[in-house]
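Visitor: Take a look at this one; I'll ask things after.
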Amino acid sequence: MLLTMTTDLAGFDHPASDFGFLLHKNPTRPQRTEIVGGTAHVFYPEATDARCSAALLLEIDPIALVRAGRGKAPEGFTLGQYVNDRPYAASSLLAVAMSKLFRTAMTGRCDARPDLAAQPIPLELHVPALPCRGGTELAERMFGPLGWAVDARPVPLDPELPAWGDSRYVDLRLSGVLRLADALNHLYVLLPVLDDAKHYWVGSDEVDKLVRAGAGWLGAHPEKDLISHRYLAHRRYLADSALERLAEADGAALAEPDDDAEGPVSLAVERRTTVAAVLRELGARRIVDVGCGEGALIGELLKDPMIGELIATDVSARALIAAKRRLHYDDLPDRQRERLRFLQSSVTYADERLAGLDAAVLMEVVEHVDPPRLGALAHSVFQAARPAAVVLTTPNSEYNVRFESLPAGAFRHPDHRFEWTRAEFHAWATGVAARYGYAVEFRPVGADDPEVGPPTQLALFRRTEVAA
């Protein structure tokens, strides 16, 4: 199993051998490390001032792979645990080896050559044997939108017997001018996607890996749905979670220039911090996050020691399990766990466990509810639960034209039932406030575009009347 990466650094005022600095691997010293089922080697077939080529070679022992519990037997073929293509074809084993050997390079950090790490450089990548369930056309669909020139050639079953046709493997060559960190992350994600298999169990932690490795490119990829489902072993609830987080990241708000900032602030982060700031302004001590998802807002609110009780609710039991994992709930100190409760609950049904709190938050929740059920949502939140304040955010559909990757007329997330304009949101929120005895004010979240408004709109409801 082999991967080669080559550059010439022409026009960069650097010898090509400086490629070793970017990879954090010395061209004059071959390195090896043990991985599950075998050994990974890094060496340089060529390292001159004009051209440098680094190779990652995996030696996989099928017996060691089975003993590690990672062998997989095809149905009706137990010997398949030992006789398979894993030692020879690029797969998730190669992706794991890359993350182990090139971890720092994948983050884009290189203290020795920071200027080189930060800019695109000419790269040629070669994977001689890549399982590709979808053939050469799928390889083009995966890598082409990322700026690669793709040369994917089918590997014949037997060169001596052309009538047998092609195998499911391709000889993949990629060339382009990209940052090395981006190139490595593209391969890390797409190798197991093209193979459509992984040698290890896929759990909720794989969502974090996908979102992290896909930062800056996956959210805008035209095949992001297919990539997410394949990468996450076709576990729909994991893929839906990944797509939701990618959709949030895709709405990155262009931050105002800030000398202390490391880069643009993601809209998802800005939304959480804005909501948390509103809750601090209210002085809320007992708060429910309705439709908490994976618990991103709860994690932010846990940082505030003045909040005495946090309730995280979601209609999905899987989402609550994912939130607990994300927050490392079982490892929290006792005092933190005592502040936090997880409840399975639907936003459209009255739940007496949520009555009488200081504040309820519905952050990017309302747009997931079918319009005929909005009346039930309003009744359960504003009448049955009746908190002192409600903080509600939802996308501003007028801002969607600013997202270049979003097709005209499309919603930001496949599960959205609608997305309101500012006028539509104001009309709905004003009607709810009047009906249930609340005052409402509206605030922007993200940069307030003079033409289309902010990417996210926020309504703050304050109770003005006691329940009858």
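Chain labels A, B, ... are given in the sequence in which chains occur in the structure tokens; within each chain residues are numbered consecutively from 1, and ligands are likewise numbered from 1 in the order shown.
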As a VMD selection string, which residues of segment 299-427 of chain A does DSSP assign to strand (DSSP E or B)?

Guide: chain A and resid 309 to 314 340 to 344 359 to 363 389 to 395

Visitor: Would you kindly return, as a PyMOL selection string, each protein, DNA or RNA residue with an atom no farther than 10 Å from any atom of Arg326 of chain A, considering only C-alpha atoms and excluding same-chain residues fewer than 4 positions away?

Guide: chain A and resi 204-205+208+294-296+299+320-322

Visitor: For each of A:Leu178, A:Ala284, A:Leu157, A:Leu246, take the minimum atom-to-atom distance to Leu267 of chain A, counting only C-alpha atoms, then give the residue where this is smallest.

Guide: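 Closest to Leu267 of chain A of all the choices is A:Leu246.
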
Visitor: Given only C-alpha atoms, how would the per-residue table for segment 90-193 of chain A near segment 212-236 of chain A read, listing every residue at most 8 Å away with its closest atom pair and distance in Å to one decimal, sorted by chain and number, as a tab-separated table?

Guide:
```
residue	atom	partner	partner_atom	distance
A:Arg141	CA	A:Glu223	CA	7.5
A:Met142	CA	A:Glu223	CA	7.0
A:Pro145	CA	A:His221	CA	6.9
A:Leu146	CA	A:Trp217	CA	7.5
A:Asn185	CA	A:Ala213	CA	5.4
A:His186	CA	A:Gly214	CA	7.6
A:Tyr188	CA	A:Ala213	CA	7.6
A:Val189	CA	A:Ala213	CA	7.0
A:Leu190	CA	A:Ile227	CA	7.4
A:Pro192	CA	A:Tyr231	CA	6.4
A:Val193	CA	A:Tyr231	CA	5.2
```

Visitor: Choose the residue, out of A:Tyr329, A:Trp428, A:Phe461, A:Phe21, that has the smallest atom-to-atom separation from Pro371 of chain A; count only C-alpha atoms.

Guide: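 The answer is A:Trp428, which sits nearest to Pro371 of chain A.
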
Visitor: I'd like the contact shell of Leu362 of chain A - 7 Å cut-off, only C-alpha atoms, skipping same-chain residues fewer than 6 positions apart - returned as a list in words.

Guide: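 Contacts, in chain order: Asp289, Val290, Gly291, Val391, Leu392 and Thr393 of chain A.
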
Visitor: Let's have the selection written as a short mmCIF file (atom, residue, chain, number, x, y, z; two decimals), in the first residue's frame, with C-alpha atoms.

Guide:
```cif
data_model
loop_
_atom_site.label_atom_id
_atom_site.label_comp_id
_atom_site.auth_asym_id
_atom_site.auth_seq_id
_atom_site.Cartn_x
_atom_site.Cartn_y
_atom_site.Cartn_z
CA ASP A 289 -31.88 24.49 25.70
CA VAL A 290 -34.78 23.17 23.63
CA GLY A 291 -33.59 21.04 20.71
CA VAL A 391 -34.32 33.45 23.16
CA LEU A 392 -35.03 32.21 19.62
CA THR A 393 -32.75 32.25 16.59
#
```

Visitor: Quick one: distance from atom CA of Ile121 of chain A to atom CA of Thr7 of chain A in Å, one decimal?

Guide: 7.5 Å

Visitor: List every residue of segment 140-192 of chain A that DSSP, applied to the backbone, labels as alpha helix (DSSP H), and write the result as a PyMOL selection string.

Guide: chain A and resi 140-143+180-192

Visitor: Keeping only N, CA and C atoms, write those residues as a PDB file, in the first residue's frame.

Guide:
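What ended up in again-v9.pdb:
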```
ATOM      1  N   GLU A 140     -13.215  11.479 -10.033  1.00  0.00           N
ATOM      2  CA  GLU A 140     -13.244  12.838 -10.589  1.00  0.00           C
ATOM      3  C   GLU A 140     -14.230  13.715  -9.833  1.00  0.00           C
ATOM      4  N   ARG A 141     -15.398  13.163  -9.488  1.00  0.00           N
ATOM      5  CA  ARG A 141     -16.400  13.939  -8.745  1.00  0.00           C
ATOM      6  C   ARG A 141     -15.921  14.289  -7.345  1.00  0.00           C
ATOM      7  N   MET A 142     -15.091  13.450  -6.754  1.00  0.00           N
ATOM      8  CA  MET A 142     -14.601  13.709  -5.406  1.00  0.00           C
ATOM      9  C   MET A 142     -13.509  14.776  -5.395  1.00  0.00           C
ATOM     10  N   PHE A 143     -12.509  14.603  -6.269  1.00  0.00           N
ATOM     11  CA  PHE A 143     -11.316  15.459  -6.200  1.00  0.00           C
ATOM     12  C   PHE A 143     -11.383  16.674  -7.127  1.00  0.00           C
ATOM     13  N   LEU A 180      -0.344  22.103   1.403  1.00  0.00           N
ATOM     14  CA  LEU A 180      -0.102  20.708   1.748  1.00  0.00           C
ATOM     15  C   LEU A 180      -1.132  20.213   2.773  1.00  0.00           C
ATOM     16  N   ALA A 181      -1.469  21.045   3.764  1.00  0.00           N
ATOM     17  CA  ALA A 181      -2.439  20.634   4.781  1.00  0.00           C
ATOM     18  C   ALA A 181      -3.772  20.281   4.137  1.00  0.00           C
ATOM     19  N   ASP A 182      -4.201  21.079   3.154  1.00  0.00           N
ATOM     20  CA  ASP A 182      -5.465  20.787   2.478  1.00  0.00           C
ATOM     21  C   ASP A 182      -5.376  19.473   1.714  1.00  0.00           C
ATOM     22  N   ALA A 183      -4.259  19.272   1.022  1.00  0.00           N
ATOM     23  CA  ALA A 183      -4.088  18.039   0.244  1.00  0.00           C
ATOM     24  C   ALA A 183      -4.160  16.808   1.133  1.00  0.00           C
ATOM     25  N   LEU A 184      -3.494  16.859   2.276  1.00  0.00           N
ATOM     26  CA  LEU A 184      -3.504  15.719   3.192  1.00  0.00           C
ATOM     27  C   LEU A 184      -4.901  15.463   3.748  1.00  0.00           C
ATOM     28  N   ASN A 185      -5.626  16.524   4.080  1.00  0.00           N
ATOM     29  CA  ASN A 185      -6.979  16.349   4.601  1.00  0.00           C
ATOM     30  C   ASN A 185      -7.939  15.828   3.539  1.00  0.00           C
ATOM     31  N   HIS A 186      -7.753  16.254   2.288  1.00  0.00           N
ATOM     32  CA  HIS A 186      -8.568  15.697   1.205  1.00  0.00           C
ATOM     33  C   HIS A 186      -8.393  14.184   1.134  1.00  0.00           C
ATOM     34  N   LEU A 187      -7.146  13.737   1.144  1.00  0.00           N
ATOM     35  CA  LEU A 187      -6.892  12.298   1.068  1.00  0.00           C
ATOM     36  C   LEU A 187      -7.414  11.573   2.300  1.00  0.00           C
ATOM     37  N   TYR A 188      -7.184  12.155   3.467  1.00  0.00           N
ATOM     38  CA  TYR A 188      -7.596  11.516   4.717  1.00  0.00           C
ATOM     39  C   TYR A 188      -9.095  11.207   4.712  1.00  0.00           C
ATOM     40  N   VAL A 189      -9.892  12.135   4.211  1.00  0.00           N
ATOM     41  CA  VAL A 189     -11.343  11.935   4.185  1.00  0.00           C
ATOM     42  C   VAL A 189     -11.766  11.036   3.022  1.00  0.00           C
ATOM     43  N   LEU A 190     -11.190  11.279   1.834  1.00  0.00           N
ATOM     44  CA  LEU A 190     -11.735  10.665   0.626  1.00  0.00           C
ATOM     45  C   LEU A 190     -11.229   9.253   0.351  1.00  0.00           C
ATOM     46  N   LEU A 191     -10.097   8.847   0.921  1.00  0.00           N
ATOM     47  CA  LEU A 191      -9.651   7.462   0.715  1.00  0.00           C
ATOM     48  C   LEU A 191     -10.693   6.460   1.204  1.00  0.00           C
ATOM     49  N   PRO A 192     -11.147   6.531   2.458  1.00  0.00           N
ATOM     50  CA  PRO A 192     -12.183   5.584   2.886  1.00  0.00           C
ATOM     51  C   PRO A 192     -13.533   5.823   2.221  1.00  0.00           C
TER      52      PRO A 192
END
```

Visitor: Of the candidates A:Ser91, A:Ser345, A:Gln383, A:Ser397, which shows the shortest atom-to-atom distance to Val432 of chain A, using only C-alpha atoms?

Guide: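 Looking only at the distances to Val432 of chain A, the closest residue turns out to be A:Gln383.
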
Visitor: For each of A:Glu424, A:Pro15, A:Leu58, A:Gly147, take the minimum atom-to-atom distance to Glu34 of chain A, counting only C-alpha atoms, then give the residue where this is smallest.

Guide: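 Residue with the minimum atom-to-atom distance to Glu34 of chain A: A:Leu58.
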
Visitor: With a distance cut-off of 12 Å and only C-alpha atoms, select the neighbouring residues of Phe425 of chain A, excluding the residue or stretch itself and same-chain residues fewer than 2 positions from it, and output the selection as an NGL selection string.

Guide: :A and (366-367 or 392-398 or 418-423 or 427-432 or 440-443 or 456-459)

Visitor: Emit the selected residues as a PDB file, in the first residue's frame, including N, CA and C atoms.

Guide:
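Result file selection-v6.pdb:
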```
ATOM      1  N   VAL A 366     -36.754  26.294  15.269  1.00  0.00           N
ATOM      2  CA  VAL A 366     -38.101  26.517  14.749  1.00  0.00           C
ATOM      3  C   VAL A 366     -38.201  26.133  13.270  1.00  0.00           C
ATOM      4  N   GLU A 367     -37.116  26.349  12.493  1.00  0.00           N
ATOM      5  CA  GLU A 367     -37.170  26.066  11.059  1.00  0.00           C
ATOM      6  C   GLU A 367     -37.200  24.566  10.741  1.00  0.00           C
ATOM      7  N   LEU A 392     -34.770  33.042  20.797  1.00  0.00           N
ATOM      8  CA  LEU A 392     -35.027  32.206  19.625  1.00  0.00           C
ATOM      9  C   LEU A 392     -34.220  32.736  18.444  1.00  0.00           C
ATOM     10  N   THR A 393     -33.483  31.867  17.806  1.00  0.00           N
ATOM     11  CA  THR A 393     -32.750  32.247  16.594  1.00  0.00           C
ATOM     12  C   THR A 393     -33.199  31.382  15.430  1.00  0.00           C
ATOM     13  N   THR A 394     -33.084  31.941  14.228  1.00  0.00           N
ATOM     14  CA  THR A 394     -33.458  31.222  13.009  1.00  0.00           C
ATOM     15  C   THR A 394     -32.725  31.867  11.841  1.00  0.00           C
ATOM     16  N   PRO A 395     -32.477  31.120  10.761  1.00  0.00           N
ATOM     17  CA  PRO A 395     -31.800  31.725   9.610  1.00  0.00           C
ATOM     18  C   PRO A 395     -32.610  32.856   8.991  1.00  0.00           C
ATOM     19  N   ASN A 396     -31.918  33.824   8.444  1.00  0.00           N
ATOM     20  CA  ASN A 396     -32.527  34.887   7.644  1.00  0.00           C
ATOM     21  C   ASN A 396     -32.394  34.476   6.182  1.00  0.00           C
ATOM     22  N   SER A 397     -33.493  34.087   5.566  1.00  0.00           N
ATOM     23  CA  SER A 397     -33.419  33.547   4.205  1.00  0.00           C
ATOM     24  C   SER A 397     -32.915  34.571   3.196  1.00  0.00           C
ATOM     25  N   GLU A 398     -33.108  35.865   3.484  1.00  0.00           N
ATOM     26  CA  GLU A 398     -32.626  36.890   2.558  1.00  0.00           C
ATOM     27  C   GLU A 398     -31.107  36.868   2.422  1.00  0.00           C
ATOM     28  N   PHE A 418     -38.694  25.324   6.336  1.00  0.00           N
ATOM     29  CA  PHE A 418     -38.872  26.664   5.773  1.00  0.00           C
ATOM     30  C   PHE A 418     -37.716  27.517   6.276  1.00  0.00           C
ATOM     31  N   GLU A 419     -37.543  28.677   5.679  1.00  0.00           N
ATOM     32  CA  GLU A 419     -36.620  29.691   6.189  1.00  0.00           C
ATOM     33  C   GLU A 419     -37.281  31.044   5.972  1.00  0.00           C
ATOM     34  N   TRP A 420     -37.366  31.844   7.055  1.00  0.00           N
ATOM     35  CA  TRP A 420     -38.117  33.085   7.021  1.00  0.00           C
ATOM     36  C   TRP A 420     -37.267  34.267   6.550  1.00  0.00           C
ATOM     37  N   THR A 421     -37.928  35.201   5.871  1.00  0.00           N
ATOM     38  CA  THR A 421     -37.345  36.518   5.671  1.00  0.00           C
ATOM     39  C   THR A 421     -37.450  37.280   6.989  1.00  0.00           C
ATOM     40  N   ARG A 422     -36.834  38.443   7.047  1.00  0.00           N
ATOM     41  CA  ARG A 422     -36.929  39.239   8.275  1.00  0.00           C
ATOM     42  C   ARG A 422     -38.379  39.660   8.542  1.00  0.00           C
ATOM     43  N   ALA A 423     -39.097  40.035   7.488  1.00  0.00           N
ATOM     44  CA  ALA A 423     -40.488  40.479   7.682  1.00  0.00           C
ATOM     45  C   ALA A 423     -41.357  39.320   8.175  1.00  0.00           C
ATOM     46  N   ALA A 427     -43.240  39.173  11.811  1.00  0.00           N
ATOM     47  CA  ALA A 427     -44.696  39.024  11.892  1.00  0.00           C
ATOM     48  C   ALA A 427     -45.071  37.857  12.802  1.00  0.00           C
ATOM     49  N   TRP A 428     -44.388  36.718  12.643  1.00  0.00           N
ATOM     50  CA  TRP A 428     -44.706  35.550  13.478  1.00  0.00           C
ATOM     51  C   TRP A 428     -44.387  35.831  14.945  1.00  0.00           C
ATOM     52  N   ALA A 429     -43.190  36.359  15.219  1.00  0.00           N
ATOM     53  CA  ALA A 429     -42.775  36.588  16.599  1.00  0.00           C
ATOM     54  C   ALA A 429     -43.640  37.644  17.293  1.00  0.00           C
ATOM     55  N   THR A 430     -44.020  38.688  16.555  1.00  0.00           N
ATOM     56  CA  THR A 430     -44.863  39.733  17.133  1.00  0.00           C
ATOM     57  C   THR A 430     -46.245  39.183  17.488  1.00  0.00           C
ATOM     58  N   GLY A 431     -46.798  38.335  16.615  1.00  0.00           N
ATOM     59  CA  GLY A 431     -48.087  37.720  16.889  1.00  0.00           C
ATOM     60  C   GLY A 431     -48.041  36.809  18.099  1.00  0.00           C
ATOM     61  N   VAL A 432     -46.973  36.003  18.233  1.00  0.00           N
ATOM     62  CA  VAL A 432     -46.826  35.109  19.386  1.00  0.00           C
ATOM     63  C   VAL A 432     -46.712  35.913  20.671  1.00  0.00           C
ATOM     64  N   VAL A 440     -41.320  41.625  22.712  1.00  0.00           N
ATOM     65  CA  VAL A 440     -40.292  41.026  21.872  1.00  0.00           C
ATOM     66  C   VAL A 440     -39.427  42.109  21.241  1.00  0.00           C
ATOM     67  N   GLU A 441     -38.149  41.842  21.170  1.00  0.00           N
ATOM     68  CA  GLU A 441     -37.219  42.707  20.442  1.00  0.00           C
ATOM     69  C   GLU A 441     -36.354  41.834  19.548  1.00  0.00           C
ATOM     70  N   PHE A 442     -35.817  42.425  18.486  1.00  0.00           N
ATOM     71  CA  PHE A 442     -35.071  41.673  17.486  1.00  0.00           C
ATOM     72  C   PHE A 442     -33.631  42.157  17.425  1.00  0.00           C
ATOM     73  N   ARG A 443     -32.714  41.195  17.262  1.00  0.00           N
ATOM     74  CA  ARG A 443     -31.290  41.528  17.195  1.00  0.00           C
ATOM     75  C   ARG A 443     -30.627  40.732  16.081  1.00  0.00           C
ATOM     76  N   THR A 456     -28.179  35.403  10.605  1.00  0.00           N
ATOM     77  CA  THR A 456     -29.094  34.810  11.584  1.00  0.00           C
ATOM     78  C   THR A 456     -29.872  35.924  12.264  1.00  0.00           C
ATOM     79  N   GLN A 457     -31.151  35.696  12.522  1.00  0.00           N
ATOM     80  CA  GLN A 457     -31.976  36.681  13.223  1.00  0.00           C
ATOM     81  C   GLN A 457     -32.375  36.119  14.584  1.00  0.00           C
ATOM     82  N   LEU A 458     -32.370  36.999  15.578  1.00  0.00           N
ATOM     83  CA  LEU A 458     -32.646  36.602  16.952  1.00  0.00           C
ATOM     84  C   LEU A 458     -33.816  37.414  17.494  1.00  0.00           C
ATOM     85  N   ALA A 459     -34.729  36.714  18.166  1.00  0.00           N
ATOM     86  CA  ALA A 459     -35.831  37.376  18.864  1.00  0.00           C
ATOM     87  C   ALA A 459     -35.702  37.101  20.355  1.00  0.00           C
TER      88      ALA A 459
END
```

Visitor: Counting only C-alpha atoms, what is within 12 Å of Ala10 of chain A, bar same-chain residues fewer than 6 positions away, as number ranges by chain?

Guide: A: 16-18, 49-52, 120-123, 177

Visitor: Would you kindly return, as a JSON list (two decimals) with N, CA and C atoms, in the first residue's frame, each protein, DNA or RNA residue with an atom no farther than 8 Å from any atom of segment 163-168 of chain A, considering only C-alpha atoms and excluding same-chain residues fewer than 6 positions away?

Guide:
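Below is the file part_36.json, written as the result:
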```
[["chain", "number", "residue", "atom", "x", "y", "z"],
["A", 131, "PRO", "N", -9.14, 1.24, -4.08],
["A", 131, "PRO", "CA", -10.49, 0.71, -4.29],
["A", 131, "PRO", "C", -11.46, 1.86, -4.49],
["A", 132, "CYS", "N", -12.23, 1.80, -5.55],
["A", 132, "CYS", "CA", -13.10, 2.94, -5.88],
["A", 132, "CYS", "C", -14.46, 2.41, -6.30],
["A", 133, "ARG", "N", -15.38, 2.38, -5.35],
["A", 133, "ARG", "CA", -16.74, 1.91, -5.64],
["A", 133, "ARG", "C", -17.51, 3.05, -6.30],
["A", 135, "GLY", "N", -15.88, 3.85, -9.59],
["A", 135, "GLY", "CA", -15.00, 3.97, -10.74],
["A", 135, "GLY", "C", -14.34, 5.31, -10.89],
["A", 154, "PRO", "N", -8.55, 2.97, -14.66],
["A", 154, "PRO", "CA", -8.97, 1.67, -14.11],
["A", 154, "PRO", "C", -7.86, 0.64, -14.21],
["A", 155, "VAL", "N", -7.74, -0.17, -13.19],
["A", 155, "VAL", "CA", -6.75, -1.26, -13.18],
["A", 155, "VAL", "C", -7.44, -2.51, -13.70],
["A", 156, "PRO", "N", -6.92, -3.11, -14.80],
["A", 156, "PRO", "CA", -7.58, -4.30, -15.34],
["A", 156, "PRO", "C", -7.48, -5.49, -14.39],
["A", 157, "LEU", "N", -8.48, -6.37, -14.44],
["A", 157, "LEU", "CA", -8.42, -7.58, -13.62],
["A", 157, "LEU", "C", -7.19, -8.40, -13.96]]
```

Visitor: Which one is closest to Lys25 of chain A: A:Leu101, A:Val211, A:Ala89, A:Val288? Count only C-alpha atoms.

Guide: A:Leu101

Visitor: Considering only C-alpha atoms, state which residue in the set A:Arg325, A:Arg402, A:Arg286, A:Arg417 is at the smallest distance from Leu354 of chain A.

Guide: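 Of the candidates, the smallest distance to Leu354 of chain A is held by A:Arg286.
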
Visitor: Which value, in Å to one decimal, gives the distance between atom CA of Leu130 of chain A and atom CA of Cys110 of chain A?

Guide: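 Atom-to-atom, atom CA of Leu130 of chain A to atom CA of Cys110 of chain A, that is 29.4 Å.
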